[in-house]
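Pasted below: data-v4.csv, CSV, C-alpha atoms and all ligand atoms.
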```csv
chain,number,residue,atom,x,y,z
A,1,MET,CA,-15.3,-11.0,12.7
A,2,ARG,CA,-11.9,-9.3,12.3
A,3,LEU,CA,-12.9,-8.1,8.9
A,4,PHE,CA,-16.1,-6.8,10.3
A,5,SER,CA,-14.4,-4.7,12.9
A,6,PHE,CA,-12.0,-3.4,10.3
A,7,PHE,CA,-15.0,-2.3,8.4
A,8,ILE,CA,-16.4,-0.5,11.3
A,9,VAL,CA,-13.1,1.3,11.9
A,10,LEU,CA,-13.0,2.3,8.3
A,11,LEU,CA,-16.6,3.7,8.5
A,12,VAL,CA,-15.7,5.7,11.5
A,13,VAL,CA,-12.5,7.1,9.9
A,14,CYS,CA,-14.4,8.0,6.7
A,15,SER,CA,-17.3,9.6,8.5
A,16,CYS,CA,-14.9,11.6,10.7
A,17,ASN,CA,-13.1,12.9,7.7
A,18,ARG,CA,-16.2,13.9,5.9
A,19,SER,CA,-18.0,15.6,8.7
A,20,GLN,CA,-17.6,19.2,7.8
A,21,LYS,CA,-19.7,20.6,10.6
A,22,PRO,CA,-17.5,21.0,13.6
A,23,ILE,CA,-19.7,20.5,16.6
A,24,GLU,CA,-17.7,21.7,19.5
A,25,LYS,CA,-18.5,18.8,21.9
A,26,SER,CA,-17.7,16.0,19.5
A,27,GLU,CA,-14.4,17.5,18.4
A,28,LYS,CA,-12.3,15.7,20.8
A,29,ALA,CA,-13.8,12.5,19.8
A,30,ILE,CA,-12.2,12.7,16.4
A,31,PRO,CA,-9.2,10.3,16.4
A,32,GLU,CA,-5.9,11.4,15.1
A,33,ARG,CA,-5.2,9.6,11.9
A,34,GLY,CA,-1.8,8.6,13.2
A,35,GLU,CA,-3.5,6.6,15.9
A,36,LEU,CA,-4.9,4.0,13.4
A,37,SER,CA,-4.2,0.6,14.7
A,38,ILE,CA,-1.8,-1.6,12.8
A,39,ASP,CA,-4.7,-3.8,11.7
A,40,SER,CA,-6.6,-0.8,10.3
A,41,GLN,CA,-3.5,0.4,8.5
A,42,ILE,CA,-3.0,-3.0,6.9
A,43,PHE,CA,-6.7,-3.1,5.9
A,44,LEU,CA,-6.5,0.4,4.3
A,45,GLY,CA,-3.2,-0.4,2.6
A,46,ASN,CA,-4.7,-3.6,1.2
A,47,ARG,CA,-7.6,-1.6,-0.2
A,48,LEU,CA,-5.4,1.1,-1.6
A,49,PHE,CA,-3.2,-1.6,-3.2
A,50,SER,CA,-6.3,-2.6,-5.3
A,51,GLU,CA,-7.8,0.9,-5.7
A,52,LYS,CA,-4.6,2.4,-6.9
A,53,THR,CA,-4.2,-0.4,-9.5
A,54,CYS,CA,-0.9,-1.8,-8.0
A,55,ILE,CA,-2.7,-5.2,-8.0
A,56,THR,CA,-2.9,-5.2,-11.8
A,57,CYS,CA,0.9,-5.6,-12.0
A,58,HIS,CA,1.7,-7.1,-8.6
A,59,ASP,CA,0.0,-10.3,-7.5
A,60,VAL,CA,0.5,-11.3,-3.9
A,61,SER,CA,2.5,-14.4,-4.7
A,62,GLU,CA,2.9,-14.8,-8.4
A,63,LYS,CA,4.9,-12.7,-10.8
A,64,LYS,CA,2.8,-10.7,-13.2
A,65,ILE,CA,4.1,-7.6,-15.0
A,66,GLY,CA,6.0,-6.7,-11.9
A,67,PRO,CA,7.4,-9.0,-9.1
A,68,SER,CA,5.0,-10.4,-6.6
A,69,VAL,CA,4.4,-8.6,-3.3
A,70,LYS,CA,6.1,-11.5,-1.5
A,71,GLU,CA,9.2,-11.4,-3.7
A,72,ILE,CA,9.4,-7.6,-3.2
A,73,MET,CA,9.1,-7.9,0.5
A,74,THR,CA,11.7,-10.7,0.7
A,75,VAL,CA,14.2,-8.4,-0.9
A,76,TYR,CA,13.2,-5.3,1.1
A,77,LYS,CA,13.4,-7.2,4.4
A,78,GLU,CA,16.7,-8.6,3.4
A,79,LYS,CA,18.2,-5.3,2.3
A,80,ASN,CA,16.3,-3.2,4.8
A,81,GLY,CA,14.8,-1.2,1.9
A,82,ASP,CA,12.4,1.7,2.3
A,83,ILE,CA,9.2,1.2,0.2
A,84,VAL,CA,7.8,4.7,0.8
A,85,ALA,CA,11.1,6.3,-0.3
A,86,PHE,CA,11.1,4.2,-3.5
A,87,LEU,CA,7.5,5.0,-4.2
A,88,LYS,CA,8.3,8.7,-3.8
A,89,GLY,CA,11.2,8.4,-6.3
A,90,GLU,CA,13.8,8.9,-3.5
A,91,ALA,CA,15.3,5.5,-3.5
A,92,LYS,CA,16.6,3.3,-6.3
A,93,PRO,CA,15.0,0.0,-7.3
A,94,ILE,CA,16.5,-3.1,-5.6
A,95,VAL,CA,14.2,-5.9,-6.7
A,96,ASP,CA,14.1,-6.1,-10.5
A,97,THR,CA,16.8,-3.8,-11.9
A,98,ALA,CA,16.3,-4.7,-15.6
A,99,ALA,CA,16.0,-1.4,-17.5
A,100,THR,CA,12.7,-2.2,-19.2
A,101,GLN,CA,11.1,-3.3,-15.9
A,102,VAL,CA,12.4,-0.3,-14.0
A,103,ALA,CA,11.0,2.0,-16.7
A,104,ILE,CA,7.5,0.6,-16.2
A,105,MET,CA,7.5,1.2,-12.5
A,106,GLN,CA,9.3,4.5,-12.9
A,107,ALA,CA,6.4,5.7,-15.1
A,108,ASN,CA,4.1,5.1,-12.2
A,109,ILE,CA,6.4,7.0,-9.8
A,110,ASP,CA,6.5,9.9,-12.2
A,111,GLY,CA,2.7,9.6,-12.8
A,112,PHE,CA,-0.1,8.6,-10.6
A,113,LEU,CA,1.9,7.9,-7.5
A,114,LYS,CA,2.5,11.7,-7.1
A,115,ASN,CA,-1.2,11.9,-6.2
A,116,ILE,CA,-1.0,9.4,-3.4
A,117,SER,CA,-0.3,11.0,0.0
A,118,ASP,CA,2.6,10.0,2.2
A,119,GLU,CA,0.1,8.7,4.7
A,120,GLU,CA,-1.5,6.5,2.1
A,121,LEU,CA,1.9,5.3,0.9
A,122,LYS,CA,2.8,4.4,4.5
A,123,THR,CA,-0.4,2.2,4.8
A,124,ILE,CA,0.5,0.5,1.5
A,125,GLU,CA,4.0,-0.2,2.9
A,126,THR,CA,2.5,-1.6,6.1
A,127,TYR,CA,0.2,-3.8,4.1
A,128,MET,CA,3.0,-5.1,1.9
A,129,LEU,CA,5.1,-5.8,5.1
A,130,HIS,CA,2.4,-7.9,6.6
A,131,VAL,CA,1.2,-9.7,3.5
A,132,ASP,CA,2.6,-13.0,4.7
A,133,ASN,CA,0.4,-12.9,7.8
A,134,LEU,CA,-2.7,-12.1,5.8
A,135,ASN,CA,-2.3,-14.7,3.2
A,136,SER,CA,-4.8,-17.2,4.6
A,137,ALA,CA,-7.4,-14.6,5.4
A,138,GLN,CA,-7.9,-11.7,3.0
A,139,ALA,CA,-4.9,-11.2,0.9
A,140,ASN,CA,-6.0,-13.0,-2.2
A,141,PRO,CA,-8.2,-10.4,-4.0
A,142,LYS,CA,-8.8,-12.8,-6.9
A,143,ASP,CA,-11.3,-14.7,-4.8
B,201,LIG,C1,2.0,-1.0,-14.9
B,201,LIG,C2,2.4,-2.0,-14.0
B,201,LIG,C3,2.7,-1.6,-12.6
B,201,LIG,C4,1.9,-0.9,-11.7
B,201,LIG,C5,0.5,-0.4,-11.9
B,201,LIG,C6,2.6,-0.9,-10.4
B,201,LIG,N1,3.8,-1.5,-10.5
B,201,LIG,FE1,5.2,-1.6,-9.0
B,201,LIG,N2,6.5,-2.5,-10.4
B,201,LIG,C7,6.2,-2.8,-11.7
B,201,LIG,C8,7.4,-3.4,-12.3
B,201,LIG,C9,7.5,-3.8,-13.8
B,201,LIG,C10,8.4,-3.5,-11.3
B,201,LIG,C11,9.8,-4.1,-11.5
B,201,LIG,C12,10.8,-3.0,-11.6
B,201,LIG,C13,11.4,-2.5,-10.3
B,201,LIG,O1,11.7,-3.4,-9.4
B,201,LIG,O2,11.6,-1.3,-10.1
B,201,LIG,C14,7.8,-2.9,-10.1
B,201,LIG,C15,8.4,-2.8,-8.9
B,201,LIG,C16,7.8,-2.4,-7.7
B,201,LIG,C17,8.5,-2.4,-6.4
B,201,LIG,C18,9.9,-2.8,-6.1
B,201,LIG,C19,10.9,-1.7,-6.5
B,201,LIG,C20,12.3,-2.1,-6.4
B,201,LIG,O3,13.0,-1.8,-5.3
B,201,LIG,O4,12.9,-2.8,-7.3
B,201,LIG,C21,7.6,-1.9,-5.5
B,201,LIG,C22,7.8,-1.7,-4.0
B,201,LIG,C23,6.4,-1.6,-6.3
B,201,LIG,N3,6.6,-1.9,-7.6
B,201,LIG,C24,5.2,-1.1,-5.7
B,201,LIG,C25,4.1,-0.7,-6.4
B,201,LIG,C26,2.9,-0.1,-5.8
B,201,LIG,C27,2.8,0.2,-4.3
B,201,LIG,C28,2.1,0.2,-6.8
B,201,LIG,C29,0.7,0.9,-6.7
B,201,LIG,C30,0.7,2.2,-6.1
B,201,LIG,C31,2.7,-0.3,-8.0
B,201,LIG,N4,3.9,-0.9,-7.7
B,201,LIG,C32,2.1,-0.3,-9.3
B,201,LIG,C33,5.0,-2.5,-12.4
B,201,LIG,C34,3.9,-1.9,-11.8
```
Represent the structure of the file as structure tokens.
Amino acid sequence: MRLFSFFIVLLVVCSCNRSQKPIEKSEKAIPERGELSIDSQIFLGNRLFSEKTCITCHDVSEKKIGPSVKEIMTVYKEKNGDIVAFLKGEAKPIVDTAATQVAIMQANIDGFLKNISDEELKTIETYMLHVDNLNSAQANPKD
């Protein structure tokens, strides 16, 4: 049921963004994107995490090429790190600082991450922050 309502919210958000004909009356019905509920942000972040290929290197709970999302979040919560700043290349790595590992992630930061908006990075961060709460429900994309 929750998933279903996420989906509705997503549809609404997508259709609002795509509607190019500004009909005066409906204009005030278009929600500010900043008003997305925390649940919708988590949902979108989860989707982006797959779509933007993060998931190929970061499993939720097991180490793959990169550390698991849970491991990353344990360190970030402990050290009060800033995921968005890291993904924008504005903060140093604090999870796996081995040079070869850092180089792999740095290539993403210098590459495709430049095409991801701040807003999208923020939803990815929100998703990562809440991955513990999701685990039983939807966070295992292998299923
Ligand atoms: C090609 C593999 C690969 C992809 C794709 C990838 N990562 Fe990483 N990532 C790594 C590796 C390896 C590390 C470990 C090095 C490090 O910690 O900087 C890492 C580390 C991280 C860290 C921890 C940084 C720190 O402070 O040490 C975060 C956060 C992160 N990745 C987020 C993401 C997100 C979000 C995406 C998708 C937009 C993504 N990664 C895509 C390989 C990848």
For this session: Take atom CA of Leu48 of chain A and atom CA of Thr100 of chain A and report the distance between them in Å, one decimal.
Result: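 About the pair atom CA of Leu48 of chain A and atom CA of Thr100 of chain A: they are 25.5 Å apart.
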Would you tabulate, counting all atoms listed in the file, all residues of chain A that have an atom at most 9 Å from an atom of ligand LIG 201 (chain B), showing the closest pair of atoms and their distance in Å to one decimal, sorted by chain then ascending number, as JSON lines?
```
{"residue": "A:Leu48", "atom": "CA", "partner": "B:LIG201", "partner_atom": "C30", "distance": 7.7}
{"residue": "A:Phe49", "atom": "CA", "partner": "B:LIG201", "partner_atom": "C29", "distance": 5.8}
{"residue": "A:Ser50", "atom": "CA", "partner": "B:LIG201", "partner_atom": "C29", "distance": 8.0}
{"residue": "A:Glu51", "atom": "CA", "partner": "B:LIG201", "partner_atom": "C29", "distance": 8.6}
{"residue": "A:Lys52", "atom": "CA", "partner": "B:LIG201", "partner_atom": "C30", "distance": 5.4}
{"residue": "A:Thr53", "atom": "CA", "partner": "B:LIG201", "partner_atom": "C5", "distance": 5.3}
{"residue": "A:Cys54", "atom": "CA", "partner": "B:LIG201", "partner_atom": "C29", "distance": 3.4}
{"residue": "A:Ile55", "atom": "CA", "partner": "B:LIG201", "partner_atom": "C5", "distance": 7.0}
{"residue": "A:Thr56", "atom": "CA", "partner": "B:LIG201", "partner_atom": "C5", "distance": 5.9}
{"residue": "A:Cys57", "atom": "CA", "partner": "B:LIG201", "partner_atom": "C2", "distance": 4.4}
{"residue": "A:His58", "atom": "CA", "partner": "B:LIG201", "partner_atom": "N1", "distance": 6.3}
{"residue": "A:Lys64", "atom": "CA", "partner": "B:LIG201", "partner_atom": "C9", "distance": 8.4}
{"residue": "A:Ile65", "atom": "CA", "partner": "B:LIG201", "partner_atom": "C9", "distance": 5.2}
{"residue": "A:Gly66", "atom": "CA", "partner": "B:LIG201", "partner_atom": "C8", "distance": 3.6}
{"residue": "A:Pro67", "atom": "CA", "partner": "B:LIG201", "partner_atom": "C11", "distance": 6.0}
{"residue": "A:Ser68", "atom": "CA", "partner": "B:LIG201", "partner_atom": "C16", "distance": 8.5}
{"residue": "A:Val69", "atom": "CA", "partner": "B:LIG201", "partner_atom": "C22", "distance": 7.7}
{"residue": "A:Glu71", "atom": "CA", "partner": "B:LIG201", "partner_atom": "C18", "distance": 9.0}
{"residue": "A:Ile72", "atom": "CA", "partner": "B:LIG201", "partner_atom": "C18", "distance": 5.6}
{"residue": "A:Met73", "atom": "CA", "partner": "B:LIG201", "partner_atom": "C22", "distance": 7.8}
{"residue": "A:Val75", "atom": "CA", "partner": "B:LIG201", "partner_atom": "O3", "distance": 8.0}
{"residue": "A:Tyr76", "atom": "CA", "partner": "B:LIG201", "partner_atom": "O3", "distance": 7.3}
{"residue": "A:Gly81", "atom": "CA", "partner": "B:LIG201", "partner_atom": "O3", "distance": 7.4}
{"residue": "A:Asp82", "atom": "CA", "partner": "B:LIG201", "partner_atom": "O3", "distance": 8.4}
{"residue": "A:Ile83", "atom": "CA", "partner": "B:LIG201", "partner_atom": "C22", "distance": 5.3}
{"residue": "A:Val84", "atom": "CA", "partner": "B:LIG201", "partner_atom": "C22", "distance": 8.0}
{"residue": "A:Phe86", "atom": "CA", "partner": "B:LIG201", "partner_atom": "O3", "distance": 6.5}
{"residue": "A:Leu87", "atom": "CA", "partner": "B:LIG201", "partner_atom": "C24", "distance": 6.7}
{"residue": "A:Ala91", "atom": "CA", "partner": "B:LIG201", "partner_atom": "O3", "distance": 7.9}
{"residue": "A:Lys92", "atom": "CA", "partner": "B:LIG201", "partner_atom": "O3", "distance": 6.3}
{"residue": "A:Pro93", "atom": "CA", "partner": "B:LIG201", "partner_atom": "O3", "distance": 3.4}
{"residue": "A:Ile94", "atom": "CA", "partner": "B:LIG201", "partner_atom": "O3", "distance": 3.7}
{"residue": "A:Val95", "atom": "CA", "partner": "B:LIG201", "partner_atom": "O4", "distance": 3.4}
{"residue": "A:Asp96", "atom": "CA", "partner": "B:LIG201", "partner_atom": "O1", "distance": 3.8}
{"residue": "A:Thr97", "atom": "CA", "partner": "B:LIG201", "partner_atom": "O1", "distance": 5.7}
{"residue": "A:Ala98", "atom": "CA", "partner": "B:LIG201", "partner_atom": "C12", "distance": 7.0}
{"residue": "A:Ala99", "atom": "CA", "partner": "B:LIG201", "partner_atom": "C12", "distance": 8.0}
{"residue": "A:Thr100", "atom": "CA", "partner": "B:LIG201", "partner_atom": "C9", "distance": 7.7}
{"residue": "A:Gln101", "atom": "CA", "partner": "B:LIG201", "partner_atom": "C9", "distance": 4.2}
{"residue": "A:Val102", "atom": "CA", "partner": "B:LIG201", "partner_atom": "C12", "distance": 4.0}
{"residue": "A:Ala103", "atom": "CA", "partner": "B:LIG201", "partner_atom": "C12", "distance": 7.1}
{"residue": "A:Ile104", "atom": "CA", "partner": "B:LIG201", "partner_atom": "C9", "distance": 5.0}
{"residue": "A:Met105", "atom": "CA", "partner": "B:LIG201", "partner_atom": "C7", "distance": 4.3}
{"residue": "A:Gln106", "atom": "CA", "partner": "B:LIG201", "partner_atom": "O2", "distance": 6.8}
{"residue": "A:Ala107", "atom": "CA", "partner": "B:LIG201", "partner_atom": "C1", "distance": 8.0}
{"residue": "A:Asn108", "atom": "CA", "partner": "B:LIG201", "partner_atom": "C4", "distance": 6.4}
{"residue": "A:Ile109", "atom": "CA", "partner": "B:LIG201", "partner_atom": "C30", "distance": 8.3}
{"residue": "A:Phe112", "atom": "CA", "partner": "B:LIG201", "partner_atom": "C30", "distance": 7.9}
{"residue": "A:Leu113", "atom": "CA", "partner": "B:LIG201", "partner_atom": "C30", "distance": 6.0}
{"residue": "A:Ile116", "atom": "CA", "partner": "B:LIG201", "partner_atom": "C30", "distance": 7.9}
{"residue": "A:Leu121", "atom": "CA", "partner": "B:LIG201", "partner_atom": "C27", "distance": 7.3}
{"residue": "A:Ile124", "atom": "CA", "partner": "B:LIG201", "partner_atom": "C27", "distance": 6.2}
{"residue": "A:Glu125", "atom": "CA", "partner": "B:LIG201", "partner_atom": "C27", "distance": 7.3}
{"residue": "A:Met128", "atom": "CA", "partner": "B:LIG201", "partner_atom": "C27", "distance": 8.2}
```
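Closest approach to Leu134 of chain A among A:Ser117, A:Asn46, A:Asn80, A:Thr74 is made by A:Asn46 (distances from all atoms listed in the file).
Taking atom CA of Glu35 of chain A as the reference point, atom CA of Gly111 of chain A is found at 29.5 Å.
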Seminar exercise, completed: Nearest to Asp132 of chain A, restricted to only C-alpha atoms and choosing among A:Val60, A:Leu44, A:Glu120, A:Asp39, comes out as A:Val60
Seminar exercise, completed: Between atom CA of Ser37 of chain A and atom CA of Thr126 of chain A lies a distance of 11.1 Å
